[in-house]
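J.: Dumping the structure here so I can ask a few things about it.
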Amino acid sequence: MTAVAAPPSPRIDTAVARPSRSRVGTVVRSAASAALGVWWLAPLVPMLLWAFADRWTFPDRLPRQWGLDGWRAAFEAGAGSAMASSLAVAVVVAVIATPLGAMAARALETHDIRHGRLVGVLLVLPVAVPPFAVVLGLTSVTLRWGIPGSVALITALVAFSLPYTVSVMRAAYAAHDLTMEEQARTLGASPRSTLWRVHLPMVAPSLVMSAFLAFLVAWSDYLMTLVLGAGRVTTLAQLLGSSASSSGHDSSVAVIAALIVAPPLVLLAAIHLSIRRTAQR
Amino acid sequence: MTTDATERRASTPRGRGSLLALPALAPVLAVLVLGLGSAVLQSVGLMPLAGQPAFTTSAYSALASPAVADGMRISLAIAAASTAIAVVLGLTAALLVHRIAPRRGFLALLAAATVPVPHLVGAIATGLLLSDSGLVSRLLGADPTTFPQLIAGPWWVGVVAEYAWKESAFVALVVLVSLSQRERELSEAAAVLGASAWERFRRVTLPLASPALVVSATLSAAYVVGSYEVSWLLGRSYPEPLPVLAYRLFTDVDLDTRPEAMAVAVLTVGVAGAIALVGTVMLRRTAAAR
Amino acid sequence: MPSTHVRPRRVGLLCVLAGASLSLTACAGATVAPPAVVDPATSWSLVTSAAQGQTVNLWMYGGDDLGNSYVDKILAPAAAAQGVTIHRVPITDTADALNRVVSETTAGRTMDGSVDLVWVNGENFRTGAQASLWKCGWATSLPNARYLDTRDPLLLNDFGTPVNGCEAPWHKAQFVIAYDSAKVTSPPTSIPELLTWAQDHPARFTYPQPPDFTGSAFVRQALYGISGGVASVPSTYDAATAQPLEDALWSKLSGVAPSLWRGGQTYPRDLTALDKLYSDGQVWFTMTYGPATIDARVKDGTFPATTKVLSLRDGSLGNASFLAIPANAAHSAAAQVVANLALSPEQQAAKADPSTWGQYTVLDVTKVPESLRAPLEARSAISVVPPFSTLSTSSNPELSATWVTPLEQGWRKSVLGG
């Protein structure tokens with residue numbers, strides 16, 4: 001699944017009430033933690049090494065010559081403009097899917113809508129449908145009807161990010177206190193100012209998280225962009241896919257891979273920090 | 001999730017609520033109905049690229065070929081193996097973080113950092129790590145001809161490892177969120193009452209974590225069955241997992257293979273749907289058992 | 001790193017049927033070249049003036065870094081000087097461009113198509129030609145066509161399909177097999193010898209799996225080699241005569257499979273994968289339709305310095321690739337200006353420079369002013385690849401594109417699945 005990255009559970013120190021642990025247990029736990037740490041980190045190690053390796057022929061354990069050739073090659077292959085396309089696509093998808101998801105979630109959680117259950121199921125259905133199957137069918141329709149590939153691509157990516165934005169926002173609205181909005185209205189606030197000054201600030205952290213998830217769906221996509229973009233939308237993932245199968249230049253492939261990994265992680269860290277800061281205030 | 005939802009719901013008119021949900025429903029329905037509808041129509045000859053539409057099930061008869069059967073088998077095997085590993089590792093990680101927190105947040109952090117890594121990147125990274133001439137082989141000073149065939153080998157190790165790698169992080173996060181403070185309290189109460197560690201795991205932790213486990217395992221299995229790029233990059237020439245097979249047929253020279261590509265795509269949707277259905281039933285059971 | 005060739009993924013019958021059934025009128029108009037009543041010079045000046053300020057959407061395989069950078073840094077500025085902007089559309093597969101043209105044509109966009117110029121050859125050209133998707137007759141009237149040898153077979157037929165002025169030559173290519181002379185001490189000199197060598201040296205030889213371009217080319221080369229040479233293989237596919245040849249080919253290739261890399265249980269996904277196996281020393285042979293890449297890789301140390309090109313007694317496959325203009329192109333005048341520019345001795349020479357792109361020229365060197373001849377035949381100072389004139393002495397004509405599909409499907413069924 002692309003992602004459901006939620007902040008870790010609230011940290012409350014319960015050490016006082018905890019039964020004492022055996023030393024063996026602690027050792028086993030530490031070993032397991034370390035093993036899992038290696039499990040998640042290991043694949044990134046050769047990628048980072050390769051990104052700075054100018055020459056690293058086979059039996060050598062470490063690069064023979066370090067340098068930035070891979071970066072030069074990646075940017076010559078168009079990593080810069082690919083990054084711009086990736087950003088554009090992902091931002092557009094996030095900007096569309098976040099409010100749509102929030103509105104639907106609000107409708108499902110706080111309004112009594114017709115066939116509410118069905119609507120709820122339909123909105124998360126895309127997570128269980130293989131995207132490749134959908135786009136293989138979709139591309140014939142868009143070509144036949146003359147729908148531009150970019151429009152089809154954005155629509156498809158929005159559809160596949162809505163399950164995430166809807167789920168996050170449903171959780172937010174389920175815990176949302178409507179009385180604040182009602183009080184604001186009673187005190188004479190207009191619907192618009194209630195929305196902007198009471199309602200949205202209350203769900204802002206969840207909005208940010210769902211925008212991040214929608215961004216991620218679009219940012220990570222390979223096959224939908226390949227089929228619907230028909231080679232004309234060159235995102236970083238497209239560039240990575242085509243250079244992995246045609247360049248054989250491991251260092252530039254590693255650099256493009258690193259360029260794909262970095263922005264979401266930076267965003268995630270920024271979101272974490274800002275949420276923590278608002279929580280502390 | 002919705003404790004007092006019923007009381008709150010009555011306050012607004014019905015029509016407005018539906019209007020609010022409509023903008024989200026529109027793209028989802030458009031994409032699913034048009035995409036799947038056109039795939040189905042093309043698979044039965046009712047939406048030919050050229051010529052007159054004529055209903056035929058020949059594309060589905062072609063599914064009886066060994067290539068499709070082998071593809072189906074390998075797709076299911078990869079999904080089952082990677083999901084099983086992801087569930088075990090994800091649950092372990094969640095429990096470790098849950099129990100050892102607050103001092104060992106780094107596992108949660110790593111899991112949270114792994115989930116946003118696209119599978120395409122994961123596949124390339126796995127290749128650089130596990131191939132005959134990858135980092136592991138280099139560090140061991142192995143001879144590439146005798147190094148185990150992890151990438152493009154008969155056991156699909158690289159493919160399964162990549163999916164398990166990312167999906168285990170996903171499972172860990174979902175389970176972690178679901179294991180609330182309640183688990184810790186109940187578990188400690190059970191410990192005070194003399195329950196062994198295994199009993200506490202069986203009777204308290206697992207039942208509390210199982211809905212999240214079922215949901216995340218279902219999502220990850222359905223995803224793996226319908227995912228293309230990892231098997232394409234790390235798999236072998238034959239058999240081809242369903243998405244790889246469908247995409248090759250889709251881009252083939254021959255017009256005749258288009259309907260077959262669509263039939264394989266429809267079949268994959270069916271398999272993913274069946275997985276989702278099984279997951280839903282299991283979720284009901286675990287919810288009922290509580 | 002470049003893989004210097006046109007990718008041959010195709011849309012095949014799609015074009016034929018679409019062209020035949022849905023867009024007869026549009027395509028019929030395109031195949032009939034305008035009668036040459038206008039004086040060529042006048043008509044060319046009409047083309048150039050119509051081209052002013054137009055932007056040409058050049059659709060070409062985008063996985064070739066050197067090719068991309070040649071177009072962006074050398075061809076595009078030269079076109080800009082003639083008032084034409086080049087917008088390079090990188091595609092993963094040439095069939096994407098054809099797919100696009102078919103879809104637009106069937107949807108009724110017969111005048112303002114989004115593809116103006118395509119780098120193409122072989123099967124893609126043939127299917128487009130059968131569906132009358134190409135604008136024809138223009139290529140022979142380009143001013144720079146005067147530097148071409150009008151009897152050059154590679155330029156008259158594109159994988160067996162008559163060119164008929166429906167595409168302008170761009171460059172030539174020669175299929176070569178390279179080996180590490182430090183490890184292969186007595187190199188084979190024919191395909192049967194190569195396969196015997198493979199049997200004697202388990203796991204040291206393999207080829208990319210068709211439909212990879214290079215893998216398909218190897219299978220065609222093997223067909224010539226095993227059938228007893230070019231003369232024994234009919235250039236157009238015919239199931240009845242092909243059957244015995246195919247049977248012999250598949251039995252030979254399946255027979256050698258257990259001795260290939262990984263016992264022939266799997267094959268490198270593409271040429272990149274094979275090159276990697278070669279540079280890691282796992283296999284001792286690689287192959288390519290773009291020999292310039294070998295020099296480049298030896299130079300940057302990816303390939304061992306002891307790499308040599310196998311000299312095949314019976315010669316090897318040769319082809320030319322072209323620039324074609326779809327009949328529905330929105331900017332066909334500007335596309336012709338670019339195609340003409342690409343044929344100029346200056347551009348051909350720049351492109352032939354191994355450090356730029358290393359693509360062999362299509363020009364007849366004897367027709368080019370003497371001052372321009374030397375750079376056309378440029379090779380890097382240290383080259384492991386023999387000059388093109390040597391490579392192409394006994395060039396094998398490419399099989400007709402009709403062979404490509406049966407060979408790829410037969411290989412999958414009889415060698416991979418068998």
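Residue numbering restarts at 1 in every chain; chains get A, B, ... in the order shown in the structure tokens, and ligands count up from 1 in that same order.
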Please give the complete set of residues from region 203-281 of chain A that DSSP, run on the backbone, assigns to alpha helix (DSSP H), formatted as a PyMOL selection string.
T.: chain A and resi 203-220+223-228+236-246+250-280
J.: Using only C-alpha atoms, which protein or nucleic acid residues come within 7 Å of region 41-45 of chain A? Drop anything in the same chain fewer than 3 positions from it, and give the result as a ChimeraX atom specification.
T.: /A:37-38,48-49 /B:125-126,129
J.: Which chain C residues are at most 10 Å from chain A (counting only C-alpha atoms), as a PyMOL selection string?
T.: chain C and resi 1-3+59+61-66+68-69+88-94+96-97+99-100+102-104+106-109+269-277+279-282+300-303
J.: Which distance in Å separates CA of Ala104 (chain A) and CA of Ser161 (chain A), to one decimal?
T.: 13.2 Å
J.: For Ala214 (chain A), find every residue with an atom within 8 Å (counting only C-alpha atoms), except residues of its own chain fewer than 3 positions away, and show them as JSON, numbers by chain.
T.: {"A": [90, 93, 94, 97, 98, 158, 161, 162, 164, 165, 210, 211, 217, 218]}
J.: Restrict the calculation to only C-alpha atoms, then for each residue of region 123-231 of chain C with any atom at most 12 Å from an atom of region 231-240 of chain B give the closest atom pair and their distance in Å to one decimal, rows by chain and rising residue number, as JSON lines.
T.:
```
{"residue": "C:Pro208", "atom": "CA", "partner": "B:Ser237", "partner_atom": "CA", "distance": 10.2}
{"residue": "C:Gln209", "atom": "CA", "partner": "B:Ser237", "partner_atom": "CA", "distance": 7.6}
{"residue": "C:Pro210", "atom": "CA", "partner": "B:Ser237", "partner_atom": "CA", "distance": 10.0}
{"residue": "C:Pro211", "atom": "CA", "partner": "B:Ser237", "partner_atom": "CA", "distance": 11.3}
{"residue": "C:Asp212", "atom": "CA", "partner": "B:Ser237", "partner_atom": "CA", "distance": 11.8}
```
J.: Near Ala172 (chain B), counting only C-alpha atoms, which residues have an atom at most 9 Å away, once you skip same-chain residues fewer than 2 positions from it, shown as a list in words?
T.: Ala86, Val87, Leu89, Gly90, Leu91, Thr92, Ala93, Ala94, Leu95, Ala108, Ala111, Ala112, Glu167, Ser168, Ala169, Phe170, Val174, Val175, Leu176, Val177, Leu213 and Ser216 of chain B
J.: Skipping near chain neighbours, those fewer than 6 positions away, what residues fall within 7 Å of Asp116 (chain C) using only C-alpha atoms, listed as an NGL selection string?
T.: :C and (56-58 or 325-326 or 329-332 or 335)
J.: Please identify which residues in region 254-402 of chain C DSSP calls strand (DSSP E) from the backbone, and express them as a PDB file with N, CA and C atoms, in the first residue's frame.
T.:
```
ATOM      1  N   PHE C 285      30.469 -12.576 -23.491  1.00  0.00           N
ATOM      2  CA  PHE C 285      30.032 -11.970 -24.749  1.00  0.00           C
ATOM      3  C   PHE C 285      28.926 -10.957 -24.479  1.00  0.00           C
ATOM      4  N   THR C 286      28.892  -9.893 -25.263  1.00  0.00           N
ATOM      5  CA  THR C 286      27.703  -9.052 -25.298  1.00  0.00           C
ATOM      6  C   THR C 286      27.455  -8.721 -26.758  1.00  0.00           C
ATOM      7  N   MET C 287      26.410  -7.978 -27.024  1.00  0.00           N
ATOM      8  CA  MET C 287      26.080  -7.694 -28.426  1.00  0.00           C
ATOM      9  C   MET C 287      25.326  -6.379 -28.484  1.00  0.00           C
ATOM     10  N   THR C 288      25.345  -5.738 -29.648  1.00  0.00           N
ATOM     11  CA  THR C 288      24.610  -4.490 -29.773  1.00  0.00           C
ATOM     12  C   THR C 288      24.388  -4.141 -31.232  1.00  0.00           C
ATOM     13  N   THR C 307      38.164  -5.986 -24.600  1.00  0.00           N
ATOM     14  CA  THR C 307      36.966  -6.236 -25.410  1.00  0.00           C
ATOM     15  C   THR C 307      37.301  -6.138 -26.899  1.00  0.00           C
ATOM     16  N   LYS C 308      36.801  -7.101 -27.670  1.00  0.00           N
ATOM     17  CA  LYS C 308      36.983  -7.052 -29.123  1.00  0.00           C
ATOM     18  C   LYS C 308      35.674  -7.380 -29.803  1.00  0.00           C
ATOM     19  N   VAL C 309      35.589  -6.998 -31.075  1.00  0.00           N
ATOM     20  CA  VAL C 309      34.379  -7.303 -31.822  1.00  0.00           C
ATOM     21  C   VAL C 309      34.591  -8.580 -32.608  1.00  0.00           C
ATOM     22  N   LEU C 317      23.968  -8.465 -39.416  1.00  0.00           N
ATOM     23  CA  LEU C 317      22.810  -7.663 -39.798  1.00  0.00           C
ATOM     24  C   LEU C 317      23.159  -6.183 -39.854  1.00  0.00           C
ATOM     25  N   GLY C 318      22.616  -5.518 -40.857  1.00  0.00           N
ATOM     26  CA  GLY C 318      22.782  -4.075 -40.931  1.00  0.00           C
ATOM     27  C   GLY C 318      21.432  -3.443 -41.215  1.00  0.00           C
ATOM     28  N   ASN C 319      21.223  -2.246 -40.690  1.00  0.00           N
ATOM     29  CA  ASN C 319      19.975  -1.562 -41.040  1.00  0.00           C
ATOM     30  C   ASN C 319      20.208  -0.066 -41.051  1.00  0.00           C
ATOM     31  N   ALA C 320      19.197   0.637 -41.467  1.00  0.00           N
ATOM     32  CA  ALA C 320      19.232   2.088 -41.372  1.00  0.00           C
ATOM     33  C   ALA C 320      17.997   2.500 -40.595  1.00  0.00           C
ATOM     34  N   SER C 321      18.092   3.613 -39.897  1.00  0.00           N
ATOM     35  CA  SER C 321      16.879   4.137 -39.280  1.00  0.00           C
ATOM     36  C   SER C 321      16.598   5.507 -39.866  1.00  0.00           C
ATOM     37  N   PHE C 322      15.368   5.935 -39.692  1.00  0.00           N
ATOM     38  CA  PHE C 322      14.841   7.041 -40.489  1.00  0.00           C
ATOM     39  C   PHE C 322      14.055   8.027 -39.637  1.00  0.00           C
ATOM     40  N   LEU C 323      13.728   9.156 -40.266  1.00  0.00           N
ATOM     41  CA  LEU C 323      12.789  10.096 -39.677  1.00  0.00           C
ATOM     42  C   LEU C 323      11.547  10.106 -40.557  1.00  0.00           C
ATOM     43  N   ALA C 324      10.386   9.850 -39.976  1.00  0.00           N
ATOM     44  CA  ALA C 324       9.144   9.803 -40.753  1.00  0.00           C
ATOM     45  C   ALA C 324       8.179  10.866 -40.243  1.00  0.00           C
ATOM     46  N   ASN C 396      24.430  -8.237 -43.739  1.00  0.00           N
ATOM     47  CA  ASN C 396      23.241  -9.037 -44.031  1.00  0.00           C
ATOM     48  C   ASN C 396      22.033  -8.123 -44.056  1.00  0.00           C
ATOM     49  N   PRO C 397      21.226  -8.210 -45.106  1.00  0.00           N
ATOM     50  CA  PRO C 397      20.011  -7.380 -45.102  1.00  0.00           C
ATOM     51  C   PRO C 397      19.088  -7.838 -43.982  1.00  0.00           C
TER      52      PRO C 397
END
```
J.: Taking only C-alpha atoms into account, name the residue in A:Phe215, A:Trp71, A:Trp196, A:Trp40 that is nearest to chain B.
T.: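 Of the candidates, the smallest distance to chain B is held by A:Trp40.
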J.: Please build the interface table for region 73-98 of chain B against region 268-285 of chain B with a cut-off of 12 Å, listing for each qualifying residue the nearest atom pair and the distance in Å to one decimal; count only C-alpha atoms, order rows by chain and increasing number, and write it as a tab-separated table.
T.:
```
residue	atom	partner	partner_atom	distance
B:Arg73	CA	B:Val271	CA	11.2
B:Ser75	CA	B:Thr268	CA	9.3
B:Leu76	CA	B:Val271	CA	8.7
B:Ala79	CA	B:Ile275	CA	10.2
B:Ala80	CA	B:Ile275	CA	10.5
B:Thr83	CA	B:Ile275	CA	11.8
```
J.: Please save C-alpha atoms of the selected residues as an mmCIF file, in the first residue's frame.
T.:
```
data_model
loop_
_atom_site.group_PDB
_atom_site.id
_atom_site.type_symbol
_atom_site.label_atom_id
_atom_site.label_comp_id
_atom_site.auth_asym_id
_atom_site.auth_seq_id
_atom_site.Cartn_x
_atom_site.Cartn_y
_atom_site.Cartn_z
ATOM 1 C CA ARG B 73 0.126 -19.325 -9.454
ATOM 2 C CA SER B 75 1.232 -14.044 -8.507
ATOM 3 C CA LEU B 76 -0.616 -15.726 -5.659
ATOM 4 C CA ALA B 79 1.463 -12.264 -2.602
ATOM 5 C CA ALA B 80 1.084 -15.009 0.013
ATOM 6 C CA THR B 83 2.270 -10.850 3.024
#
```
J.: Could you check the closest approach to chain A for each of B:Leu150, B:Ala212, B:Leu29, B:Ala265 and tell me which residue wins, using only C-alpha atoms?
T.: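 Closest candidate: B:Ala265.
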J.: Considering only C-alpha atoms, state which residue in the set B:Pro48, B:Pro207, B:Pro118, B:Gly35 is at the smallest distance from chain C.
T.: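 Using only C-alpha atoms, chain C sits closest to B:Pro48.
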J.: What is the distance, in Å and to one decimal place, between CA of Phe250 (chain B) and CA of Gly137 (chain A)?
T.: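 Computing it gives 10.1 Å between the two atoms.
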J.: Figure out the distance between CA of Val119 (chain A) and CA of Met202 (chain A), please, to one decimal in Å.
T.: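 Between CA of Met202 (chain A) and CA of Val119 (chain A) the gap is 24.7 Å.
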